[in-house]
>>> print(open('start08.txt').read())   # compact mmCIF, C-alpha atoms
# COMPACT_ATOMS: atom_id res chain seq x y z
CA MET A 241 101.03 85.42 102.86
CA THR A 242 102.80 82.31 104.14
CA VAL A 243 105.08 81.77 107.08
CA ALA A 244 107.91 81.01 104.70
CA ALA A 245 107.41 84.25 102.83
CA ARG A 246 108.07 86.09 106.07
CA ARG A 247 111.17 84.22 107.09
CA THR A 248 114.65 84.78 105.73
CA PHE A 249 116.41 82.21 103.58
CA LEU A 250 120.15 82.67 103.88
CA LYS A 251 121.60 83.44 100.45
CA GLY A 252 125.20 83.76 101.53
CA ILE A 253 126.93 85.05 104.60
CA GLY A 254 124.61 88.10 104.61
CA ALA A 255 124.38 89.81 107.97
CA ALA A 256 126.84 87.29 109.37
CA GLY A 257 129.54 89.09 107.42
CA VAL A 258 128.57 92.37 109.01
CA LEU A 259 128.65 90.84 112.47
CA GLY A 260 131.96 89.19 111.73
CA ALA A 261 133.42 92.56 110.88
CA LEU A 262 132.06 93.97 114.14
CA ALA A 263 133.43 91.25 116.38
CA GLY A 264 136.78 91.67 118.08
CA CYS A 265 138.25 89.75 120.99
CA GLY A 266 134.86 88.14 121.47
CA VAL A 267 133.16 91.51 122.09
CA PRO A 268 131.34 93.20 119.20
CA ALA A 269 132.92 96.56 118.37
CA ALA A 270 129.44 98.03 117.93
CA TYR A 271 128.17 96.78 121.28
CA VAL A 272 126.11 99.41 123.12
CA ASP A 273 126.32 99.46 126.89
CA ALA A 274 123.04 99.30 128.78
CA SER A 275 123.55 102.83 130.09
CA ASP A 276 123.60 104.23 126.54
CA ARG A 277 120.49 102.58 125.09
CA ALA A 278 117.69 104.85 126.27
CA ALA A 279 116.69 108.25 124.93
CA LYS A 280 114.40 110.73 126.66
CA ASP A 281 111.00 109.08 126.53
CA LEU A 282 108.40 111.42 125.05
CA SER A 283 105.47 109.05 125.63
CA GLY A 284 103.89 111.18 128.36
CA ARG A 285 103.24 114.17 126.10
CA ASP A 286 103.60 112.67 122.62
CA LYS A 287 100.83 110.13 122.12
CA ARG A 288 102.22 108.19 119.19
CA LEU A 289 104.62 105.43 118.17
CA THR A 290 106.02 103.84 115.01
CA PHE A 291 105.59 100.08 114.63
CA ALA A 292 107.47 98.17 111.87
CA ASN A 293 106.16 94.71 111.00
CA TRP A 294 106.07 92.14 108.20
CA PRO A 295 103.42 92.32 105.45
CA LEU A 296 100.04 90.73 106.15
CA TYR A 297 100.93 89.93 109.74
CA ILE A 298 98.03 91.64 111.51
CA ASP A 299 94.25 91.38 111.34
CA THR A 300 92.48 93.57 108.79
CA ASP A 301 88.85 94.42 108.18
CA ASP A 302 87.18 92.31 105.49
CA GLU A 303 85.51 95.36 103.97
CA ASP A 304 88.38 97.83 104.35
CA LYS A 305 91.90 96.39 104.28
CA THR A 306 93.37 99.69 105.54
CA ARG A 307 91.61 99.13 108.88
CA ARG A 308 93.25 96.93 111.49
CA PRO A 309 90.65 96.18 114.17
CA SER A 310 93.01 95.15 116.97
CA LEU A 311 95.25 98.18 116.38
CA ASP A 312 92.27 100.53 116.00
CA ALA A 313 90.96 99.33 119.36
CA PHE A 314 94.30 100.19 121.01
CA GLU A 315 94.25 103.68 119.52
CA ARG A 316 90.69 104.32 120.71
CA ARG A 317 91.40 103.03 124.20
CA THR A 318 94.69 104.84 124.79
CA GLY A 319 94.60 107.85 122.49
CA ILE A 320 97.97 106.76 121.11
CA ASP A 321 98.36 107.13 117.35
CA VAL A 322 100.21 104.18 115.81
CA ARG A 323 102.12 104.63 112.57
CA TYR A 324 102.09 101.05 111.31
CA THR A 325 104.48 100.13 108.49
CA GLU A 326 104.87 96.83 106.65
CA GLU A 327 108.52 97.37 105.81
CA ILE A 328 110.15 94.13 107.00
CA ASN A 329 110.44 91.64 104.15
CA ASP A 330 113.66 89.86 105.13
CA ASN A 331 115.58 89.68 108.41
CA ASP A 332 119.01 90.33 106.88
CA GLU A 333 117.68 93.12 104.68
CA PHE A 334 116.10 94.87 107.65
CA PHE A 335 119.26 94.37 109.67
CA GLY A 336 121.16 96.15 106.92
CA LYS A 337 118.63 98.97 106.89
CA ILE A 338 118.78 99.89 110.57
CA SER A 339 122.21 98.63 111.69
CA PRO A 340 124.10 101.81 110.62
CA SER A 341 121.95 103.86 113.00
CA LEU A 342 122.20 101.39 115.86
CA MET A 343 125.95 100.87 115.65
CA ASN A 344 126.48 104.64 115.49
CA HIS A 345 124.23 105.38 118.48
CA GLN A 346 121.54 107.07 116.39
CA GLU A 347 117.75 106.80 116.42
CA THR A 348 116.20 104.35 113.97
CA GLY A 349 112.88 106.20 113.71
CA ARG A 350 111.08 103.10 114.96
CA ASP A 351 109.72 102.40 118.42
CA LEU A 352 108.78 98.78 117.87
CA ILE A 353 109.97 96.10 115.43
CA VAL A 354 109.19 92.42 114.78
CA ILE A 355 112.02 90.11 113.71
CA SER A 356 112.71 86.38 113.89
CA ASP A 357 114.18 85.16 117.15
CA TRP A 358 117.46 84.05 115.57
CA MET A 359 117.91 87.67 114.46
CA CYS A 360 116.66 88.94 117.83
CA ALA A 361 119.59 87.05 119.32
CA ARG A 362 122.02 89.22 117.36
CA PHE A 363 120.34 92.43 118.50
CA VAL A 364 120.48 91.31 122.13
CA ARG A 365 124.15 90.32 121.87
CA LEU A 366 124.98 93.68 120.30
CA GLY A 367 123.04 95.59 122.95
CA TRP A 368 120.85 97.22 120.31
CA VAL A 369 117.50 96.84 122.09
CA GLN A 370 116.12 98.06 125.37
CA GLU A 371 114.98 96.04 128.35
CA MET A 372 111.23 96.29 128.85
CA ASP A 373 109.55 97.39 132.05
CA ARG A 374 107.41 94.37 132.83
CA SER A 375 105.58 96.31 135.57
CA ARG A 376 103.88 98.12 132.69
CA GLN A 377 103.01 94.83 131.00
CA PRO A 378 100.81 92.78 133.34
CA ASN A 379 99.25 90.85 130.45
CA VAL A 380 102.65 89.73 129.19
CA ALA A 381 103.70 88.73 132.70
CA GLU A 382 100.55 86.66 133.18
CA HIS A 383 99.76 85.25 129.74
CA LEU A 384 103.01 84.62 127.84
CA ASP A 385 103.23 80.91 127.09
CA PRO A 386 105.71 79.31 129.54
CA ILE A 387 107.35 77.35 126.72
CA LEU A 388 108.37 80.64 125.09
CA ARG A 389 109.64 82.42 128.20
CA THR A 390 113.26 81.30 128.29
CA PRO A 391 114.96 81.26 124.89
CA HIS A 392 118.71 80.83 125.01
CA PHE A 393 119.39 84.40 123.88
CA ASP A 394 116.96 86.13 126.26
CA GLU A 395 116.33 84.29 129.51
CA GLY A 396 113.17 85.75 131.00
CA ARG A 397 112.17 87.49 127.77
CA MET A 398 113.06 90.96 129.05
CA PHE A 399 114.28 92.22 125.65
CA SER A 400 111.80 90.45 123.38
CA VAL A 401 108.16 89.37 123.44
CA PRO A 402 106.79 86.91 120.86
CA TRP A 403 104.40 88.40 118.34
CA GLN A 404 103.52 85.02 116.85
CA SER A 405 105.10 81.59 117.00
CA GLY A 406 105.34 78.54 114.77
CA ILE A 407 106.74 75.05 114.36
CA THR A 408 109.22 73.72 111.82
CA GLY A 409 108.22 70.12 111.18
CA ILE A 410 107.34 67.82 108.28
CA ALA A 411 104.44 68.15 105.85
CA TYR A 412 103.39 65.29 103.60
CA ASN A 413 100.54 64.08 101.43
CA LYS A 414 98.87 61.19 103.26
CA ARG A 415 96.91 59.95 100.25
CA ARG A 416 99.77 60.02 97.74
CA LEU A 417 102.34 58.56 100.14
CA GLY A 418 99.97 55.91 101.49
CA ARG A 419 101.47 55.76 104.96
CA GLU A 420 102.26 57.89 107.98
CA ILE A 421 105.42 59.83 108.67
CA ARG A 422 106.37 59.84 112.35
CA HIS A 423 110.14 60.35 112.39
CA VAL A 424 112.66 62.58 110.63
CA SER A 425 114.34 59.37 109.46
CA ASP A 426 111.15 58.50 107.55
CA LEU A 427 112.18 61.17 105.04
CA TRP A 428 115.04 58.91 103.95
CA ALA A 429 112.87 55.91 103.01
CA ASP A 430 113.64 54.49 99.54
CA ASP A 431 110.20 55.34 98.15
CA LEU A 432 110.81 59.03 98.86
CA LYS A 433 114.04 59.31 96.88
CA GLY A 434 113.85 62.46 94.79
CA ARG A 435 110.49 63.39 96.33
CA VAL A 436 111.75 65.25 99.42
CA THR A 437 112.60 68.94 99.83
CA LEU A 438 114.32 70.72 102.70
CA LEU A 439 114.45 74.40 103.59
CA SER A 440 117.38 76.32 102.18
CA GLY A 441 117.87 78.70 105.11
CA LEU A 442 120.44 77.67 107.68
CA ASP A 443 118.52 79.14 110.61
CA GLU A 444 115.27 77.63 109.39
CA ALA A 445 116.52 74.13 108.61
CA PHE A 446 119.27 72.97 110.93
CA ALA A 447 117.36 72.33 114.16
CA LEU A 448 114.90 69.72 112.84
CA LEU A 449 117.67 67.84 111.06
CA MET A 450 119.70 67.74 114.27
CA GLN A 451 116.68 66.49 116.19
CA GLY A 452 116.50 63.64 113.70
CA ASP A 453 119.98 62.72 114.92
CA GLY A 454 118.78 62.70 118.53
CA VAL A 455 120.34 66.06 119.44
CA ASP A 456 118.90 68.28 122.16
CA ILE A 457 118.71 71.51 120.14
CA ARG A 458 118.60 73.62 123.29
CA LYS A 459 122.31 72.85 123.79
CA TRP A 460 123.71 71.57 120.50
CA THR A 461 127.43 71.74 119.74
CA GLY A 462 129.61 72.37 116.72
CA ASP A 463 130.23 68.62 116.48
CA ASP A 464 126.47 68.06 116.32
CA PHE A 465 126.22 70.54 113.45
CA HIS A 466 129.00 68.97 111.40
CA ARG A 467 127.70 65.45 112.01
CA MET A 468 124.29 66.56 110.72
CA CYS A 469 125.97 68.09 107.66
CA ASP A 470 127.90 64.86 107.03
CA HIS A 471 124.62 62.91 106.96
CA LEU A 472 122.94 65.50 104.76
CA GLU A 473 125.78 65.54 102.22
CA LYS A 474 125.24 61.82 101.65
CA ARG A 475 121.51 62.38 101.04
CA VAL A 476 122.25 65.18 98.60
CA SER A 477 124.97 63.32 96.69
CA GLY A 478 122.65 60.30 96.47
CA HIS A 479 119.95 62.51 94.91
CA HIS A 480 117.51 61.70 97.67
CA VAL A 481 116.80 65.39 98.30
CA ARG A 482 114.99 66.84 95.31
CA ARG A 483 116.07 70.39 96.13
CA PHE A 484 116.33 73.02 98.82
CA THR A 485 113.51 75.52 98.82
CA GLY A 486 112.14 78.77 100.06
CA ASN A 487 108.40 79.14 100.36
CA ASP A 488 107.96 77.44 96.97
CA TYR A 489 107.82 74.06 98.75
CA ILE A 490 104.13 74.86 99.16
CA LYS A 491 103.60 74.72 95.41
CA ASP A 492 105.62 71.50 95.07
CA LEU A 493 103.65 69.75 97.80
CA ALA A 494 100.28 70.91 96.54
CA ALA A 495 101.09 69.78 93.00
CA GLY A 496 102.38 66.37 94.11
CA ASP A 497 105.90 66.99 92.79
CA VAL A 498 107.15 66.19 96.29
CA LEU A 499 105.54 63.83 98.78
CA ALA A 500 107.20 65.08 101.96
CA CYS A 501 109.08 68.21 102.95
CA GLN A 502 110.39 70.31 105.75
CA ALA A 503 107.63 72.84 106.42
CA TYR A 504 106.17 75.50 108.68
CA SER A 505 102.99 74.83 110.62
CA GLY A 506 101.29 78.04 109.50
CA ASP A 507 101.70 77.15 105.84
CA VAL A 508 100.11 73.76 106.34
CA ILE A 509 96.98 75.26 107.88
CA GLN A 510 96.52 77.20 104.65
CA LEU A 511 97.24 74.15 102.49
CA GLN A 512 94.79 71.97 104.41
CA ALA A 513 91.98 74.36 103.56
CA ASP A 514 92.33 73.26 99.93
CA ASP A 515 93.59 69.71 100.42
CA PRO A 516 92.71 67.81 103.62
CA ASP A 517 95.17 65.06 102.63
CA ILE A 518 98.06 67.37 103.52
CA ALA A 519 99.28 66.52 107.02
CA PHE A 520 101.75 68.19 109.35
CA VAL A 521 103.72 66.17 111.85
CA VAL A 522 105.87 67.00 114.82
CA PRO A 523 108.30 64.05 114.68
CA GLU A 524 108.62 61.85 117.73
CA GLU A 525 112.21 63.08 118.10
CA GLY A 526 110.84 66.62 118.38
CA ALA A 527 110.51 69.77 116.31
CA GLU A 528 111.67 73.34 116.58
CA LEU A 529 109.39 75.94 118.11
CA TRP A 530 110.30 79.41 116.90
CA ALA A 531 108.92 82.90 117.28
CA GLU A 532 109.00 86.27 115.62
CA SER A 533 109.24 88.79 118.40
CA LEU A 534 108.59 92.40 119.31
CA MET A 535 111.59 94.49 120.34
CA ILE A 536 112.16 98.14 121.25
CA PRO A 537 115.30 99.50 119.50
CA ASN A 538 117.80 101.72 121.26
CA LEU A 539 116.95 105.42 121.52
CA ALA A 540 113.28 104.83 120.71
CA ARG A 541 111.40 108.00 121.68
CA HIS A 542 108.15 106.32 122.69
CA LYS A 543 109.23 103.34 124.77
CA ARG A 544 106.34 103.43 127.27
CA ASN A 545 103.82 103.70 124.43
CA ALA A 546 105.46 100.69 122.76
CA GLU A 547 105.31 98.69 125.99
CA ARG A 548 101.60 99.46 126.27
CA LEU A 549 100.98 98.28 122.72
CA ILE A 550 102.82 95.01 123.37
CA ASP A 551 100.75 94.43 126.48
CA HIS A 552 97.56 95.16 124.52
CA TYR A 553 98.28 92.18 122.28
CA TYR A 554 98.66 89.92 125.31
CA ASP A 555 95.09 90.54 126.40
CA PRO A 556 93.54 87.12 125.62
CA GLU A 557 90.63 88.71 123.72
CA VAL A 558 93.00 90.64 121.47
CA ALA A 559 95.35 87.68 121.08
CA ALA A 560 92.39 85.53 120.03
CA SER A 561 91.42 88.04 117.33
CA LEU A 562 94.95 88.08 115.97
CA ALA A 563 95.27 84.29 116.09
CA ALA A 564 92.02 83.86 114.20
CA TRP A 565 93.35 86.00 111.39
CA VAL A 566 96.97 84.84 111.04
CA ASN A 567 96.65 81.15 112.08
CA TYR A 568 100.08 80.83 113.68
CA VAL A 569 100.92 79.25 117.02
CA CYS A 570 99.40 81.70 119.48
CA PRO A 571 101.83 82.80 122.24
CA VAL A 572 98.86 83.43 124.55
CA PRO A 573 97.35 80.08 125.60
CA ALA A 574 94.46 81.85 127.36
CA ALA A 575 93.22 82.97 123.93
CA ARG A 576 92.16 79.38 123.32
CA ASP A 577 89.29 79.66 125.82
CA VAL A 578 88.15 82.88 124.16
CA LEU A 579 87.90 81.18 120.79
CA ALA A 580 86.38 78.00 122.22
CA SER A 581 83.49 80.02 123.68
CA SER A 582 82.73 81.70 120.35
CA LYS A 583 79.35 81.11 118.73
CA ASP A 584 81.13 81.14 115.39
CA ARG A 585 81.73 77.50 114.46
CA ASP A 586 84.98 78.19 112.60
CA LEU A 587 86.44 80.20 115.48
CA ALA A 588 85.47 77.55 117.99
CA ALA A 589 87.12 74.89 115.81
CA LEU A 590 90.32 76.93 115.68
CA ALA A 591 90.64 76.52 119.43
CA GLU A 592 91.03 72.77 118.87
CA ASP A 593 93.67 73.09 116.14
CA PRO A 594 97.02 71.87 117.58
CA LEU A 595 98.90 73.97 115.01
CA VAL A 596 97.49 77.10 116.66
CA PHE A 597 97.22 75.81 120.23
CA PRO A 598 99.54 72.77 120.54
CA ASP A 599 98.14 70.05 122.78
CA ASP A 600 100.12 68.59 125.68
CA THR A 601 101.48 65.68 123.63
CA MET A 602 102.79 68.00 120.95
CA ARG A 603 104.18 70.52 123.43
CA GLU A 604 106.32 67.83 125.04
CA ARG A 605 108.13 67.40 121.73
CA LEU A 606 108.74 71.10 121.02
CA ALA A 607 111.97 72.90 121.85
CA ILE A 608 113.51 76.29 121.14
CA ALA A 609 116.92 75.87 119.51
CA ARG A 610 120.03 77.48 120.86
CA ASP A 611 120.90 80.25 118.45
CA ILE A 612 123.99 80.25 116.25
CA THR A 613 126.53 82.61 117.78
CA SER A 614 128.40 85.26 115.81
CA ASP A 615 131.64 83.27 116.24
CA GLU A 616 130.00 80.17 114.76
CA ARG A 617 127.99 81.76 111.98
CA THR A 618 130.61 82.36 109.29
CA GLU A 619 131.98 78.81 109.47
CA PHE A 620 128.58 77.16 109.66
CA ALA A 621 127.02 79.28 106.93
CA ARG A 622 129.92 78.49 104.60
CA ARG A 623 129.49 74.76 105.08
CA TRP A 624 125.70 74.89 104.86
CA ASN A 625 125.76 76.97 101.68
CA SER A 626 128.14 74.51 100.05
CA ILE A 627 125.59 71.73 100.65
CA VAL A 628 122.58 73.77 99.60
CA GLY A 629 124.33 75.20 96.57
CA LEU A 630 124.10 78.88 97.50
>>> encode(input="start08.txt", output="structure tokens")
Amino acid sequence: MTVAARRTFLKGIGAAGVLGALAGCGVPAAYVDASDRAAKDLSGRDKRLTFANWPLYIDTDDEDKTRRPSLDAFERRTGIDVRYTEEINDNDEFFGKISPSLMNHQETGRDLIVISDWMCARFVRLGWVQEMDRSRQPNVAEHLDPILRTPHFDEGRMFSVPWQSGITGIAYNKRRLGREIRHVSDLWADDLKGRVTLLSGLDEAFALLMQGDGVDIRKWTGDDFHRMCDHLEKRVSGHHVRRFTGNDYIKDLAAGDVLACQAYSGDVIQLQADDPDIAFVVPEEGAELWAESLMIPNLARHKRNAERLIDHYYDPEVAASLAAWVNYVCPVPAARDVLASSKDRDLAALAEDPLVFPDDTMRERLAIARDITSDERTEFARRWNSIVGL
């Protein structure tokens, strides 16, 4: 399962339309006040919780795919039974599934969910998730990567904790292209006309393209967005961009139909296993660091149990096991030392992979983009979709 297969590609206004309908006078009509978000916590006497995640996003046993070693270890240690479901296939789709309960102050039936940070931003703005008690999460407090601690939508990460992280950058075939790519502008070289693809999702694509224009994506403006779109329209009308893609860019790159493309770091790790000529670059102008994060929905009945599970995955030993299986950017830097000390050669090598543990040079060029607000989304999605052809 690839990174791209787990991330939403905007096919229209989608959930933005729902949020637009909720917004009034700048305050969402469905906003839930902090005093109304908690239900009676049954964790003390009811040793269970329900955890909703994306498919193939947790370690499994090689001999028995129904066993999840890191989760099994938590259950043995705590006595808490975890009902684990792989029900999240698309951010907007999942939003549509649970939003009726949340906006009507009803339980969702889930104690813990994992969604992309741009969608997390909507949940935080709507007041649909509960603040975590960090005193119950010493591992999170100690080991969460500093670069992930202060996203625009959740300063201090009190409502969300990264499950896994990744980078949106540029992938290319070094052998077929015959030269290096170092800048976003390198995508527009004459010899790449018709051999470049970009991501079709607004939330997935816009930040890197803005960085190519020299924009600080932590504080971009509407003018920055429209200027980026103006530049992109020229590339599209000139047939420089072959097409806009979902996760199928992987197939195009592997087959040689494209020579360079906007890509996710986790996908490239998988591609490199079959073709070492595939390279991933964080452009010198920078690249977007994103996360898919754990959140506790309003009225969850097992909040303390959920907080314990989150903290379990921030134990460096556990984080290392998960990182070794999923190959994303690990949000627990201390897991690197765990892997580096492994007697297994492949695990030790993973500790040196900058796409799992970015080195200092790469980290200096990574930034978390300011999220698109509900007021901006309808206008921006309409313009983006007109360019992409959605």
>>> atom_distance(input="start08.txt", atom1="CA of Arg362 (chain A)", atom2="CA of Ile298 (chain A)")
24.8 Å
>>> closest_residue(input="start08.txt", among="A:Arg482, A:Lys543, A:Arg422, A:Arg605", to="Ala519 (chain A)", atoms="only C-alpha atoms")
A:Arg422
>>> atom_distance(input="start08.txt", atom1="CA of Ala531 (chain A)", atom2="CA of Val455 (chain A)")
20.5 Å
>>> closest_residue(input="start08.txt", among="A:Leu388, A:Ala445, A:Ile490, A:Ala588", to="Cys469 (chain A)", atoms="only C-alpha atoms")
A:Ala445
>>> residues_around(input="start08.txt", residues="Ser375 (chain A)", least_positions_apart="4", cutoff="12 Å", atoms="only C-alpha atoms", output="number ranges by chain")
A: 371, 379-382, 398, 544, 547-548, 551
